[in-house]
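Structure data (CSV, C-alpha atoms) from target_15.csv:
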chain,number,residue,atom,x,y,z
T,1,MET,CA,-6.3,9.7,-17.6
T,2,LYS,CA,-3.1,10.1,-19.5
T,3,ALA,CA,-0.8,8.7,-16.7
T,4,LEU,CA,-2.9,5.5,-16.5
T,5,GLU,CA,-2.7,5.0,-20.3
T,6,GLN,CA,1.1,5.5,-20.1
T,7,LYS,CA,1.3,3.0,-17.2
T,8,ILE,CA,-0.8,0.4,-19.1
T,9,LEU,CA,1.5,0.9,-22.2
T,10,ASN,CA,4.7,0.6,-20.0
T,11,GLU,CA,3.7,-2.2,-17.7
T,12,GLY,CA,0.6,-4.0,-19.1
T,13,THR,CA,0.7,-7.2,-21.1
T,14,VAL,CA,-1.9,-8.2,-23.6
T,15,LEU,CA,-2.6,-12.0,-23.7
T,16,GLY,CA,-4.7,-13.2,-26.6
T,17,SER,CA,-7.5,-11.0,-27.8
T,18,ASP,CA,-9.1,-9.8,-24.5
T,19,ILE,CA,-6.9,-10.3,-21.5
T,20,LEU,CA,-4.8,-7.4,-20.2
T,21,LYS,CA,-2.5,-8.2,-17.3
T,22,VAL,CA,-1.7,-5.2,-15.0
T,23,GLY,CA,-0.7,-7.2,-11.9
T,24,SER,CA,2.4,-5.1,-11.5
T,25,PHE,CA,0.5,-2.0,-10.3
T,26,LEU,CA,-3.3,-2.6,-10.1
T,27,ASN,CA,-4.1,-6.2,-9.3
T,28,GLN,CA,-1.6,-8.3,-7.4
T,29,GLN,CA,0.9,-5.6,-6.6
T,30,ILE,CA,-0.5,-2.1,-5.8
T,31,ASP,CA,1.5,1.0,-6.5
T,32,VAL,CA,-0.1,3.0,-3.7
T,33,ASP,CA,0.9,6.5,-4.9
T,34,PHE,CA,-0.4,5.7,-8.3
T,35,LEU,CA,-3.6,4.3,-6.9
T,36,LEU,CA,-4.1,7.6,-5.0
T,37,ASP,CA,-3.5,9.5,-8.2
T,38,MET,CA,-6.3,7.5,-9.8
T,39,CYS,CA,-8.6,8.1,-6.9
T,40,ASN,CA,-7.9,11.9,-6.9
T,41,GLU,CA,-9.0,11.8,-10.5
T,42,ILE,CA,-12.2,10.0,-9.5
T,43,ASN,CA,-12.8,12.6,-6.8
T,44,ARG,CA,-12.3,15.3,-9.4
T,45,ILE,CA,-14.8,13.7,-11.8
T,46,TYR,CA,-17.6,13.6,-9.2
T,47,ALA,CA,-16.8,16.9,-7.6
T,48,GLY,CA,-20.0,18.6,-6.7
T,49,GLU,CA,-22.1,15.4,-6.7
T,50,GLU,CA,-23.6,14.2,-3.4
T,51,ILE,CA,-22.4,10.7,-2.6
T,52,THR,CA,-23.2,8.8,0.6
T,53,LYS,CA,-21.5,5.5,-0.1
T,54,ILE,CA,-19.1,3.7,-2.4
T,55,LEU,CA,-20.3,0.3,-3.6
T,56,THR,CA,-17.9,-2.4,-5.0
T,57,VAL,CA,-17.7,-6.1,-5.3
T,58,GLU,CA,-15.0,-8.4,-3.8
T,59,ALA,CA,-12.2,-9.1,-4.4
T,60,SER,CA,-10.5,-7.1,-7.1
T,61,GLY,CA,-12.6,-3.9,-6.7
T,62,ILE,CA,-11.7,-3.5,-3.0
T,63,ALA,CA,-8.3,-1.9,-3.4
T,64,ILE,CA,-9.4,1.0,-5.6
T,65,ALA,CA,-12.7,1.4,-3.7
T,66,ILE,CA,-10.9,1.7,-0.3
T,67,ALA,CA,-8.4,4.2,-1.7
T,68,ALA,CA,-11.2,6.2,-3.3
T,69,ALA,CA,-13.1,6.1,0.0
T,70,VAL,CA,-10.0,7.5,1.9
T,71,VAL,CA,-9.7,10.3,-0.7
T,72,MET,CA,-13.4,11.1,-0.7
T,73,HIS,CA,-14.2,10.3,2.9
T,74,LYS,CA,-17.0,8.0,2.2
T,75,ASN,CA,-17.8,4.6,3.6
T,76,VAL,CA,-17.6,1.5,1.4
T,77,ILE,CA,-19.9,-1.5,1.0
T,78,PHE,CA,-18.6,-4.7,-0.6
T,79,ALA,CA,-21.0,-7.0,-2.4
T,80,LYS,CA,-19.9,-10.6,-1.5
T,81,LYS,CA,-19.6,-13.3,-4.1
T,82,SER,CA,-20.9,-16.8,-3.7
T,83,LYS,CA,-21.4,-19.8,-6.0
T,84,THR,CA,-25.0,-20.3,-5.1
T,85,SER,CA,-28.1,-18.2,-4.8
T,86,ASN,CA,-28.8,-20.0,-1.6
T,87,VAL,CA,-27.8,-17.0,0.7
T,88,THR,CA,-29.5,-16.7,4.1
T,89,GLY,CA,-30.6,-13.5,5.7
T,90,PRO,CA,-32.2,-10.3,4.3
T,91,VAL,CA,-30.0,-9.4,1.4
T,92,TYR,CA,-30.3,-7.7,-2.0
T,93,GLY,CA,-28.7,-10.1,-4.6
T,94,ALA,CA,-27.9,-10.3,-8.3
T,95,LYS,CA,-26.6,-13.0,-10.6
T,96,VAL,CA,-23.3,-12.1,-12.3
T,97,HIS,CA,-22.0,-14.2,-15.2
T,98,SER,CA,-18.3,-14.5,-15.5
T,99,PHE,CA,-17.3,-14.8,-19.2
T,100,THR,CA,-13.7,-15.5,-18.1
T,101,HIS,CA,-14.6,-18.5,-16.1
T,102,GLY,CA,-17.9,-19.5,-17.8
T,103,THR,CA,-19.7,-19.6,-14.4
T,104,ASP,CA,-22.4,-17.7,-12.6
T,105,ASN,CA,-21.8,-16.0,-9.3
T,106,TYR,CA,-24.3,-14.4,-7.0
T,107,ILE,CA,-23.4,-11.2,-5.3
T,108,THR,CA,-25.2,-9.9,-2.3
T,109,VAL,CA,-25.4,-6.9,0.1
T,110,PRO,CA,-27.2,-7.1,3.4
T,111,LYS,CA,-30.3,-4.9,3.3
T,112,ASP,CA,-29.1,-3.1,6.4
T,113,TYR,CA,-26.2,-1.5,4.5
T,114,ILE,CA,-28.0,0.3,1.7
T,115,ASN,CA,-31.3,2.1,1.4
T,116,SER,CA,-33.3,4.6,-0.5
T,117,ASN,CA,-31.6,7.6,1.1
T,118,ASP,CA,-28.2,6.4,-0.4
T,119,LYS,CA,-26.5,8.0,-3.3
T,120,VAL,CA,-24.0,5.5,-4.4
T,121,LEU,CA,-20.9,5.7,-6.5
T,122,ILE,CA,-20.1,2.2,-7.9
T,123,ILE,CA,-16.3,1.5,-8.3
T,124,ASP,CA,-14.5,-1.5,-9.8
T,125,ASP,CA,-11.1,-2.1,-11.3
T,126,PHE,CA,-12.1,-3.5,-14.8
T,127,LEU,CA,-15.1,-3.0,-17.0
T,128,ALA,CA,-15.4,-5.5,-19.9
T,129,ASN,CA,-18.9,-7.0,-20.6
T,130,GLY,CA,-20.4,-5.0,-17.8
T,131,GLU,CA,-21.7,-8.0,-15.9
T,132,ALA,CA,-20.3,-6.9,-12.5
T,133,LEU,CA,-21.5,-3.3,-12.9
T,134,ARG,CA,-25.0,-4.5,-14.0
T,135,GLY,CA,-25.2,-6.7,-10.8
T,136,LEU,CA,-24.1,-3.8,-8.6
T,137,ILE,CA,-26.6,-1.4,-10.3
T,138,ASP,CA,-29.3,-4.0,-9.8
T,139,ILE,CA,-28.6,-4.2,-6.1
T,140,ALA,CA,-28.5,-0.5,-5.7
T,141,GLU,CA,-31.8,-0.2,-7.6
T,142,GLN,CA,-33.5,-2.9,-5.5
T,143,ALA,CA,-32.6,-0.8,-2.5
T,144,GLY,CA,-34.1,2.3,-4.1
T,145,ALA,CA,-30.7,4.1,-3.9
T,146,LYS,CA,-29.7,6.7,-6.4
T,147,ILE,CA,-26.8,5.7,-8.6
T,148,VAL,CA,-24.6,8.8,-9.0
T,149,GLY,CA,-22.2,7.0,-11.4
T,150,CYS,CA,-20.0,4.0,-12.1
T,151,THR,CA,-16.2,4.3,-12.4
T,152,CYS,CA,-13.7,1.7,-13.4
T,153,ALA,CA,-10.0,2.1,-13.7
T,154,ILE,CA,-9.7,0.3,-17.0
T,155,GLU,CA,-12.6,-0.3,-19.5
T,156,LYS,CA,-12.1,-2.7,-22.4
T,157,GLY,CA,-14.3,-0.6,-24.6
T,158,PHE,CA,-14.3,-3.2,-27.4
T,159,GLN,CA,-16.2,-5.6,-25.2
T,160,GLY,CA,-19.2,-3.3,-25.2
T,161,GLY,CA,-20.4,-3.4,-21.6
T,162,GLY,CA,-19.7,0.3,-20.8
T,163,ASP,CA,-21.4,1.6,-23.9
T,164,GLU,CA,-24.5,-0.6,-23.3
T,165,LEU,CA,-24.8,1.0,-19.9
T,166,ARG,CA,-24.2,4.5,-21.2
T,167,LYS,CA,-27.0,3.9,-23.7
T,168,LYS,CA,-29.3,3.1,-20.8
T,169,GLY,CA,-28.5,6.5,-19.3
T,170,TYR,CA,-26.0,5.5,-16.6
T,171,ARG,CA,-23.0,7.8,-16.1
T,172,ILE,CA,-20.0,5.5,-16.7
T,173,GLU,CA,-16.6,7.2,-16.3
T,174,SER,CA,-13.6,5.0,-16.9
T,175,LEU,CA,-10.1,6.3,-16.2
T,176,ALA,CA,-8.8,4.6,-19.4
T,177,ILE,CA,-10.8,3.1,-22.2
T,178,ILE,CA,-9.1,0.6,-24.5
T,179,ASP,CA,-10.8,0.4,-27.9
T,180,LYS,CA,-8.5,-2.1,-29.5
T,181,MET,CA,-5.7,-4.3,-28.2
T,182,GLU,CA,-3.5,-7.2,-29.4
T,183,PRO,CA,-0.1,-8.3,-28.2
T,184,GLY,CA,2.3,-5.4,-28.6
T,185,ASN,CA,-0.5,-2.8,-29.5
T,186,ILE,CA,-3.0,-1.0,-27.3
T,187,GLU,CA,-5.3,1.8,-28.7
T,188,PHE,CA,-7.2,4.1,-26.3
T,189,ARG,CA,-10.4,6.0,-26.9
T,190,HIS,CA,-10.2,9.8,-26.6
F,1,MET,CA,-6.6,-0.2,20.8
F,2,LYS,CA,-9.3,0.9,23.1
F,3,ALA,CA,-11.5,2.4,20.3
F,4,LEU,CA,-11.5,-0.9,18.4
F,5,GLU,CA,-12.5,-2.8,21.6
F,6,GLN,CA,-15.3,-0.4,22.1
F,7,LYS,CA,-16.4,-0.7,18.5
F,8,ILE,CA,-16.4,-4.6,18.8
F,9,LEU,CA,-18.5,-4.4,22.0
F,10,ASN,CA,-20.9,-1.9,20.3
F,11,GLU,CA,-21.3,-3.5,16.9
F,12,GLY,CA,-19.9,-7.0,17.0
F,13,THR,CA,-22.0,-10.1,17.2
F,14,VAL,CA,-20.7,-13.4,18.7
F,15,LEU,CA,-22.2,-16.5,17.0
F,16,GLY,CA,-21.5,-19.8,18.7
F,17,SER,CA,-18.1,-20.2,20.3
F,18,ASP,CA,-15.8,-18.8,17.8
F,19,ILE,CA,-17.4,-16.6,15.1
F,20,LEU,CA,-17.3,-12.8,15.6
F,21,LYS,CA,-19.3,-10.8,13.0
F,22,VAL,CA,-18.0,-7.3,12.5
F,23,GLY,CA,-19.5,-6.8,9.0
F,24,SER,CA,-20.9,-3.4,10.0
F,25,PHE,CA,-17.5,-1.7,10.1
F,26,LEU,CA,-14.6,-4.1,9.1
F,27,ASN,CA,-15.8,-6.7,6.6
F,28,GLN,CA,-18.7,-6.0,4.4
F,29,GLN,CA,-19.2,-2.4,5.2
F,30,ILE,CA,-16.1,-0.3,5.9
F,31,ASP,CA,-16.2,2.7,8.2
F,32,VAL,CA,-13.4,4.5,6.4
F,33,ASP,CA,-12.5,7.0,9.1
F,34,PHE,CA,-12.3,4.2,11.7
F,35,LEU,CA,-10.2,2.1,9.3
F,36,LEU,CA,-7.8,5.1,9.0
F,37,ASP,CA,-7.7,5.3,12.8
F,38,MET,CA,-6.6,1.7,13.0
F,39,CYS,CA,-4.0,2.2,10.3
F,40,ASN,CA,-2.6,5.3,12.1
F,41,GLU,CA,-2.2,3.0,15.1
F,42,ILE,CA,-0.4,0.4,12.9
F,43,ASN,CA,1.9,3.2,11.7
F,44,ARG,CA,2.6,4.2,15.3
F,45,ILE,CA,3.4,0.6,16.3
F,46,TYR,CA,6.0,0.2,13.5
F,47,ALA,CA,7.4,3.8,13.7
F,48,GLY,CA,11.1,3.7,13.2
F,49,GLU,CA,11.1,0.3,11.5
F,50,GLU,CA,12.2,0.1,7.9
F,51,ILE,CA,9.4,-1.4,5.8
F,52,THR,CA,9.6,-1.8,2.0
F,53,LYS,CA,6.2,-3.6,1.3
F,54,ILE,CA,3.0,-4.6,2.9
F,55,LEU,CA,1.9,-8.2,2.3
F,56,THR,CA,-1.6,-9.5,2.7
F,57,VAL,CA,-3.9,-12.2,1.3
F,58,GLU,CA,-7.1,-11.7,-0.7
F,59,ALA,CA,-9.9,-10.9,-0.1
F,60,SER,CA,-10.7,-9.7,3.4
F,61,GLY,CA,-7.2,-8.5,4.2
F,62,ILE,CA,-7.1,-6.1,1.2
F,63,ALA,CA,-9.1,-3.2,2.7
F,64,ILE,CA,-7.0,-2.8,5.9
F,65,ALA,CA,-3.7,-3.4,3.9
F,66,ILE,CA,-4.6,-0.7,1.3
F,67,ALA,CA,-5.6,1.8,4.0
F,68,ALA,CA,-2.4,1.1,5.9
F,69,ALA,CA,-0.4,1.5,2.7
F,70,VAL,CA,-2.0,4.9,2.1
F,71,VAL,CA,-1.1,6.0,5.6
F,72,MET,CA,2.4,4.5,5.5
F,73,HIS,CA,3.2,5.2,1.8
F,74,LYS,CA,4.2,1.6,1.1
F,75,ASN,CA,3.2,-0.6,-1.8
F,76,VAL,CA,1.1,-3.6,-1.2
F,77,ILE,CA,1.3,-7.2,-2.5
F,78,PHE,CA,-1.7,-9.6,-2.4
F,79,ALA,CA,-1.2,-13.3,-2.2
F,80,LYS,CA,-3.8,-14.8,-4.4
F,81,LYS,CA,-5.9,-17.8,-3.3
F,82,SER,CA,-6.7,-20.8,-5.4
F,83,LYS,CA,-8.2,-24.2,-4.8
F,84,THR,CA,-5.4,-26.1,-6.4
F,85,SER,CA,-1.6,-26.1,-6.0
F,86,ASN,CA,-1.6,-26.3,-9.8
F,87,VAL,CA,-0.4,-22.7,-10.4
F,88,THR,CA,1.6,-21.8,-13.4
F,89,GLY,CA,4.5,-19.4,-13.6
F,90,PRO,CA,7.3,-18.6,-11.2
F,91,VAL,CA,5.6,-18.1,-7.8
F,92,TYR,CA,6.2,-18.6,-4.1
F,93,GLY,CA,3.3,-20.6,-2.6
F,94,ALA,CA,2.0,-22.0,0.6
F,95,LYS,CA,-0.9,-24.2,1.6
F,96,VAL,CA,-3.4,-22.5,4.0
F,97,HIS,CA,-6.0,-24.7,5.8
F,98,SER,CA,-9.4,-23.0,6.4
F,99,PHE,CA,-10.8,-24.3,9.7
F,100,THR,CA,-14.0,-22.4,8.9
F,101,HIS,CA,-14.6,-24.2,5.6
F,102,GLY,CA,-12.6,-27.4,6.2
F,103,THR,CA,-10.7,-26.9,3.0
F,104,ASP,CA,-7.2,-26.2,1.9
F,105,ASN,CA,-6.3,-23.1,-0.2
F,106,TYR,CA,-3.0,-22.4,-1.9
F,107,ILE,CA,-1.8,-18.8,-1.8
F,108,THR,CA,0.8,-17.5,-4.2
F,109,VAL,CA,2.8,-14.4,-4.9
F,110,PRO,CA,4.8,-14.0,-8.2
F,111,LYS,CA,8.5,-14.2,-7.6
F,112,ASP,CA,8.9,-10.8,-9.3
F,113,TYR,CA,7.1,-9.0,-6.5
F,114,ILE,CA,9.1,-9.9,-3.5
F,115,ASN,CA,12.8,-10.6,-2.9
F,116,SER,CA,15.6,-10.7,-0.3
F,117,ASN,CA,15.9,-6.9,-0.2
F,118,ASP,CA,12.3,-6.6,1.1
F,119,LYS,CA,11.4,-5.9,4.6
F,120,VAL,CA,7.7,-6.8,4.8
F,121,LEU,CA,4.9,-5.9,7.2
F,122,ILE,CA,2.2,-8.6,7.0
F,123,ILE,CA,-1.3,-7.3,7.6
F,124,ASP,CA,-4.7,-9.1,7.8
F,125,ASP,CA,-8.1,-8.4,9.3
F,126,PHE,CA,-8.5,-11.5,11.5
F,127,LEU,CA,-6.0,-13.8,13.4
F,128,ALA,CA,-7.5,-17.0,14.7
F,129,ASN,CA,-5.5,-20.3,14.2
F,130,GLY,CA,-2.8,-18.4,12.4
F,131,GLU,CA,-3.0,-20.4,9.2
F,132,ALA,CA,-3.1,-17.3,6.9
F,133,LEU,CA,-0.2,-15.6,8.7
F,134,ARG,CA,1.8,-18.8,8.6
F,135,GLY,CA,1.3,-19.0,4.8
F,136,LEU,CA,2.3,-15.4,4.3
F,137,ILE,CA,5.4,-15.8,6.6
F,138,ASP,CA,6.3,-18.9,4.6
F,139,ILE,CA,6.1,-17.0,1.3
F,140,ALA,CA,8.1,-14.1,2.6
F,141,GLU,CA,10.8,-16.5,4.0
F,142,GLN,CA,11.0,-18.4,0.7
F,143,ALA,CA,11.8,-15.0,-0.9
F,144,GLY,CA,14.4,-14.4,1.7
F,145,ALA,CA,12.6,-11.2,2.8
F,146,LYS,CA,12.9,-9.9,6.3
F,147,ILE,CA,9.6,-10.0,8.3
F,148,VAL,CA,9.3,-6.8,10.3
F,149,GLY,CA,6.1,-8.0,11.9
F,150,CYS,CA,2.5,-9.1,11.5
F,151,THR,CA,-0.5,-7.1,12.4
F,152,CYS,CA,-4.1,-8.1,12.5
F,153,ALA,CA,-7.0,-5.9,13.4
F,154,ILE,CA,-8.7,-8.5,15.6
F,155,GLU,CA,-7.0,-11.6,17.1
F,156,LYS,CA,-9.1,-14.3,18.6
F,157,GLY,CA,-6.4,-15.1,21.3
F,158,PHE,CA,-8.2,-18.1,22.6
F,159,GLN,CA,-7.6,-19.9,19.2
F,160,GLY,CA,-3.9,-19.8,19.9
F,161,GLY,CA,-2.5,-18.9,16.5
F,162,GLY,CA,-1.0,-15.6,17.5
F,163,ASP,CA,0.7,-16.9,20.6
F,164,GLU,CA,2.2,-19.9,18.7
F,165,LEU,CA,3.8,-17.4,16.3
F,166,ARG,CA,5.0,-15.2,19.2
F,167,LYS,CA,6.7,-18.2,20.7
F,168,LYS,CA,8.6,-18.7,17.5
F,169,GLY,CA,9.9,-15.2,17.7
F,170,TYR,CA,7.7,-13.3,15.3
F,171,ARG,CA,6.5,-9.9,16.2
F,172,ILE,CA,2.7,-10.2,16.2
F,173,GLU,CA,0.8,-7.0,17.1
F,174,SER,CA,-2.9,-7.2,17.0
F,175,LEU,CA,-5.0,-4.1,17.5
F,176,ALA,CA,-7.5,-6.0,19.7
F,177,ILE,CA,-7.0,-9.4,21.3
F,178,ILE,CA,-10.1,-11.3,22.4
F,179,ASP,CA,-9.3,-13.9,25.1
F,180,LYS,CA,-12.8,-15.1,25.7
F,181,MET,CA,-16.1,-14.7,24.0
F,182,GLU,CA,-19.6,-16.0,24.0
F,183,PRO,CA,-22.9,-14.5,22.9
F,184,GLY,CA,-23.4,-11.3,24.9
F,185,ASN,CA,-19.9,-11.4,26.5
F,186,ILE,CA,-16.4,-10.5,25.0
F,187,GLU,CA,-13.3,-10.3,27.2
F,188,PHE,CA,-10.1,-8.6,25.9
F,189,ARG,CA,-6.5,-9.3,26.8
F,190,HIS,CA,-4.6,-6.3,28.2
Kindly present the structure from the file in structure tokens form.
Amino acid sequence: MKALEQKILNEGTVLGSDILKVGSFLNQQIDVDFLLDMCNEINRIYAGEEITKILTVEASGIAIAIAAAVVMHKNVIFAKKSKTSNVTGPVYGAKVHSFTHGTDNYITVPKDYINSNDKVLIIDDFLANGEALRGLIDIAEQAGAKIVGCTCAIEKGFQGGGDELRKKGYRIESLAIIDKMEPGNIEFRH
Amino acid sequence: MKALEQKILNEGTVLGSDILKVGSFLNQQIDVDFLLDMCNEINRIYAGEEITKILTVEASGIAIAIAAAVVMHKNVIFAKKSKTSNVTGPVYGAKVHSFTHGTDNYITVPKDYINSNDKVLIIDDFLANGEALRGLIDIAEQAGAKIVGCTCAIEKGFQGGGDELRKKGYRIESLAIIDKMEPGNIEFRH
């Protein structure tokens, strides 16, 4: 999505070798009209596909998932994060490793909220190593749901998570894929 | 908002004396059409008021704030939560005590994202003791911004936070106010 690439070039800041800060429009401050532009693009990508629910993980995925849900008129399910696997109640769960923080999180969705009749679109803001997507895919598959596809706003292609999942046959559509970045230089995949 | 009261009666579960679970439509699973109904009501309440930004706090406030932003065409700022006050960079911050977890969180907004020209509408999902709202009000006032009002979906009136803030002169508009609840019984303020 050309407009997103331009926005990243104009407003993003690269820190070190793998951190891209886009707090000015996607993370901590949301440019709502631009968010809707991104979600209209997601809607266009999956036009014609049957989708029953949008699945994301708290906290940073919620904004784009809700805006996509408004555009696509689908309900949203959030996987909740916790520090321990010690979650009570009937839930589907998956372990998600955070390379940024060097910690493991457990993400869960109550079994009541997803089942084998669902056709889910997984949405998140960033795709790097693919840990969060793998956890969400795992949860959807435990429920027997069909995974229509996974869409992230920004994929850091050089971290490999997206391509690994594509090799496994999942439909991974990112709105912008960065193949190389360093302070002052960002190169996109086309 | 009558439809919200009815939804709480139909789908909410009261646990003990002060926990209301509404995960089926507001927290962990979002009924997007109902979320938009709530946000149209928020838009109606503040019709005629000049608002430059919507301010909320991660994570549970994000969904309703984003949907309200879409309806009202305003940008959103999230205050970020952290466990320590040791936050780097130029930020406005406030301490927020969690009665549920018995812990203190620090919430912050970068100074770049809010200033004395802003007229902010503060939005959150729940209002109980008012700690989160007080923190967000504090941040907006540090920035010199005008606070147009604060709106929460569900106020647990019996916990007093909303009324304390009303006494101080803030405009607090909740879509549903619960004055009394116990398992099997919920009474609303009218």
- Query: Near chain F, which residues of chain T fall within 10 Å when you count all atoms listed in the file, and what do they look like as a ChimeraX atom specification?
  - Reply: /T:23-36,53-55,57-67,69-80,109-110,112-114
- Task: Using only C-alpha atoms, collect all residues at a distance of at most 9 Å from (-20.7, 11.9, -4.4) as written in the file, then present them as a PyMOL selection string.
- Result: chain T and resi 43+46-54+72+74+119-121+148-149
- Task: Kindly give the distance, in Å, that separates CA of Glu41 (chain F) and CA of Asn10 (chain F), rounded to a single decimal.
- Result: 20.0 Å
- Message: What does the structure give for the distance between CA of Ile107 (chain T) and CA of Ala94 (chain T), in Å to one decimal?
- Response: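 CA of Ala94 (chain T) lies 5.5 Å from CA of Ile107 (chain T).
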- Take CA of Ile154 (chain T) and CA of Phe126 (chain T) and report the distance between them in Å, one decimal.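 Straight-line distance from CA of Ile154 (chain T) to CA of Phe126 (chain T) works out to 5.0 Å.
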- Message: I'd like the neighbourhood of region 142-146 of chain T as a list in words, where a residue qualifies if any of its atoms comes within 6 Å (using only C-alpha atoms), though same-chain residues fewer than 5 positions away should be ignored.
- Response: Asn115, Ser116, Asp118 and Lys119 of chain T
- Message: Residues within 10 Å of (-30.0, -1.6, -12.5), file coordinates, counting all atoms listed in the file: what are they? Give the list as a VMD selection string.
- Response: chain T and resid 94 133 to 142 147 165 168 170
- Residues at most 9 Å from Ser98 (chain T), counting all atoms listed in the file, excluding those fewer than 5 positions away in the same chain, as a list in words? Thr103, Asp104, Asn105, Glu131 and Ala132 of chain T
- Item | Residue nearest Ile45 (chain T) among T:Ala68, T:Gly169, T:Val96, T:Asn129 (counting all atoms listed in the file) |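 That would be T:Ala68, the residue with the smallest distance to Ile45 (chain T).
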- Task: Choose the residue, out of F:Arg44, F:Lys167, F:Lys180, F:Lys81, that has the smallest atom-to-atom separation from Met1 (chain F); count only C-alpha atoms.
- Result: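 Smallest separation from Met1 (chain F) among the options: F:Arg44.
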Fewer than 2 positions away in the same chain doesn't count, so skip those; otherwise give me all residues within 8 Å of Thr151 (chain T), counting only C-alpha atoms, as a compact mmCIF listing (two decimals) with C-alpha atoms, in the coordinates of the input.
# COMPACT_ATOMS: atom_id res chain seq x y z
CA ILE T 42 -12.20 10.00 -9.50
CA LEU T 121 -20.90 5.70 -6.50
CA ILE T 122 -20.10 2.20 -7.90
CA ILE T 123 -16.30 1.50 -8.30
CA ASP T 124 -14.50 -1.50 -9.80
CA GLY T 149 -22.20 7.00 -11.40
CA ALA T 153 -10.00 2.10 -13.70
CA ILE T 172 -20.00 5.50 -16.70
CA GLU T 173 -16.60 7.20 -16.30
CA SER T 174 -13.60 5.00 -16.90
CA LEU T 175 -10.10 6.30 -16.20
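Take the candidates T:Lys95, T:Gly162, T:Glu155, T:Gly130 and check each one against Ser82 (chain T) using all atoms listed in the file; the shortest distance goes to T:Lys95.
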- Query: Nearest to Cys152 (chain T): which of T:Pro90, T:Ile186, T:Leu4, T:Gly16 is it, counting all atoms listed in the file?
  - Reply: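 Of T:Pro90, T:Ile186, T:Leu4, T:Gly16, the one nearest Cys152 (chain T), counting all atoms listed in the file, is T:Leu4.
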